[in-house]
Structure formats: C-alpha cells, structure tokens
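Colleague: Quick one: the structure is below, and I'll ask about it shortly.
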Amino acid sequence: MCGRYALFNTQGLQSQFELDFADPMPERYNIAPQQIAPVIKEVGGRRVLMHAIWGLRPSWANDAMPKPFNAKVETVAEKPFFRNAWQRSRVIVPADGYYEWKTTASGKRPYFIYPESGLFGFAGLLEFHEEVPNFTIITTAANALTQEIHDRMPVILQPADYAAWLSAGNNSNKLLLRQIAGQYPSEKMRLQMAHKAVGNVSNEGAFLLGGNK
C-alpha cells in the first residue's frame, strides 16, 4: 500500500512532466490521506496540474462509503468503485518518494523510498464528488527492493509512458493500460530509514526523511 508520501522538489515538476505552468507550492514531507495534494491530468491535449483530496469518492458515493486512498492494479479495472475513473480519468501523482513501514521485533519502522533521480510519477485515478476532485493511488506487488519492507508498492510510471497513461485515446485499451502500469525496476529506486515522527500526520519537515536524502 501507499499511505504517506512527500513532494518537496516542486521546481522539477514542470520539466519532468512537461507542464505548461506550475504555481509555486510549499515543500511537503508528510502527505496523508484526506489531505489535498497535486495531481496531473490531461485536458484538451495539455497537461494540467490540479489539486485534489487524497481518497477516492465517486459522484454516486454516499457518506457511509469508504474513501480508498489505494486501488489494486489487479482488480481496479473491474471494481465498480474504480472502473469509471480507470477508463476515463487517469492522472499522475508526482512525488519525491513515499514511506512504508516494516514490521520488526521492536515494532514498526518507517522507511523512505525514493527515485535514483528526478521524481516518481505514481499512477492515479481522479473522480469528482459534488464537484470536489479526489484521487487514489494505484498499487502493485512489491519489487525486489521494496518487498523486504512491504508486499505492495505504488504503480510508478516510466516517463516514456506518461503520455499513453494520460491519453483519453487509450480509455478502451485495457491491455495497454495494464502494461503501462507494470512494475518499476528496483535499480532505479533507493531507500533509507525514516524518522519515526512521520507516523504523526501533524509532523512536517525534511527531518522526517531520515538518512542523507
């Protein structure tokens, strides 16, 4: 799963994701579900940065229904809660890295997992509830690097696949979308022990990353 991530290198957004423009944003080291965060969507052939609530809530959902912040790639195309967004409203969630907790004999220990260079582009889905945008991050089985910490990881898109993932022209091509959402290679990722304070959503700051990042 992916329940916490960071986005602090906002200057890299515009170039890596080929955005026409990106408003200045604060550095964030502890983005959590139900918080507002930026996502990238294709609108009229252009990539647009918009802000949405992390936790999917389709237009027809009621208050008693969950607001899932993750969706499994193995079932996302078939489940009614995600199916419409998978077919019609795919987005990229930019991140400098994400946190995952490893269960140890002394308790759970957080790690920060980040790219060898640049930013991660997580595969996400966007919905609107009462005109309020909201999103979820798609997950897949962990790769060789991350499986020692957790059995799931976000679907991380290769830059060469950004356009195909966002394109409305691929809405009906389920096979292509699943191929795009393949497993990200371990050799392009790094990890380090993070600060335990990241477990509290009210904590913020670069110290949460731990290590030398």
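As shown in the structure tokens, the chain order sets the letters A, B, ...; within each chain, residues go from 1, and ligands are also counted from 1 in the order they appear.
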Would you return as a PDB file with N, CA and C atoms, in the first residue's frame the members of region 7-37 of chain A that DSSP assigns to strand (DSSP E) on this structure's backbone?

Modeller:
ATOM      1  N   LEU A   7       6.427  15.453  -1.358  1.00  0.00           N
ATOM      2  CA  LEU A   7       6.667  16.205  -2.588  1.00  0.00           C
ATOM      3  C   LEU A   7       7.287  17.542  -2.186  1.00  0.00           C
ATOM      4  N   ARG A  28       6.440  19.669   0.942  1.00  0.00           N
ATOM      5  CA  ARG A  28       5.650  18.830   1.843  1.00  0.00           C
ATOM      6  C   ARG A  28       6.349  17.484   2.017  1.00  0.00           C
ATOM      7  N   TYR A  29       6.492  17.081   3.276  1.00  0.00           N
ATOM      8  CA  TYR A  29       7.236  15.865   3.601  1.00  0.00           C
ATOM      9  C   TYR A  29       6.365  14.793   4.241  1.00  0.00           C
ATOM     10  N   ASN A  30       5.061  15.043   4.359  1.00  0.00           N
ATOM     11  CA  ASN A  30       4.203  14.088   5.071  1.00  0.00           C
ATOM     12  C   ASN A  30       2.769  14.178   4.568  1.00  0.00           C
ATOM     13  N   ILE A  31       2.572  13.932   3.284  1.00  0.00           N
ATOM     14  CA  ILE A  31       1.238  13.976   2.690  1.00  0.00           C
ATOM     15  C   ILE A  31       0.484  12.714   3.081  1.00  0.00           C
ATOM     16  N   ILE A  36      -5.167  17.534   0.778  1.00  0.00           N
ATOM     17  CA  ILE A  36      -5.179  17.992  -0.605  1.00  0.00           C
ATOM     18  C   ILE A  36      -3.754  17.946  -1.156  1.00  0.00           C
ATOM     19  N   ALA A  37      -3.607  17.399  -2.372  1.00  0.00           N
ATOM     20  CA  ALA A  37      -2.294  17.255  -2.991  1.00  0.00           C
ATOM     21  C   ALA A  37      -2.424  17.431  -4.502  1.00  0.00           C
TER      22      ALA A  37
END

Colleague: Produce a table with one row for each residue of region 45-127 of chain A that has an atom at most 8 Å from any atom of region 161-184 of chain A, each row naming the nearest atom pair and its distance in Å at one decimal; use only C-alpha atoms; arrange rows by chain and rising residue number; format as JSON lines.

Modeller:
{"residue": "A:Val73", "atom": "CA", "partner": "A:Ala181", "partner_atom": "CA", "distance": 7.6}
{"residue": "A:Ala77", "atom": "CA", "partner": "A:Lys174", "partner_atom": "CA", "distance": 7.8}
{"residue": "A:Trp86", "atom": "CA", "partner": "A:Asn171", "partner_atom": "CA", "distance": 7.8}
{"residue": "A:Gln87", "atom": "CA", "partner": "A:Asn171", "partner_atom": "CA", "distance": 4.8}
{"residue": "A:Arg88", "atom": "CA", "partner": "A:Asn171", "partner_atom": "CA", "distance": 5.9}
{"residue": "A:Ser89", "atom": "CA", "partner": "A:Leu166", "partner_atom": "CA", "distance": 8.0}
{"residue": "A:Arg90", "atom": "CA", "partner": "A:Leu166", "partner_atom": "CA", "distance": 5.7}
{"residue": "A:Val91", "atom": "CA", "partner": "A:Leu166", "partner_atom": "CA", "distance": 6.1}
{"residue": "A:Ile92", "atom": "CA", "partner": "A:Leu166", "partner_atom": "CA", "distance": 7.7}
{"residue": "A:Ala123", "atom": "CA", "partner": "A:Ala181", "partner_atom": "CA", "distance": 7.2}

Colleague: For the structure I just gave you, how does DSSP split region 6-52 of chain A - specifically, which residues are helix (DSSP H, G or I)? Reply as a PyMOL selection string.

Modeller: chain A and resi 10-16

Colleague: Which of these residues is nearest to Leu119 (chain A), using only C-alpha atoms: A:Phe69, A:Phe81, A:Phe21, A:Phe8?

Modeller: A:Phe8

Colleague: Quick one, how far is CA of Cys2 (chain A) from CA of Gln14 (chain A)?

Modeller: 24.0 Å
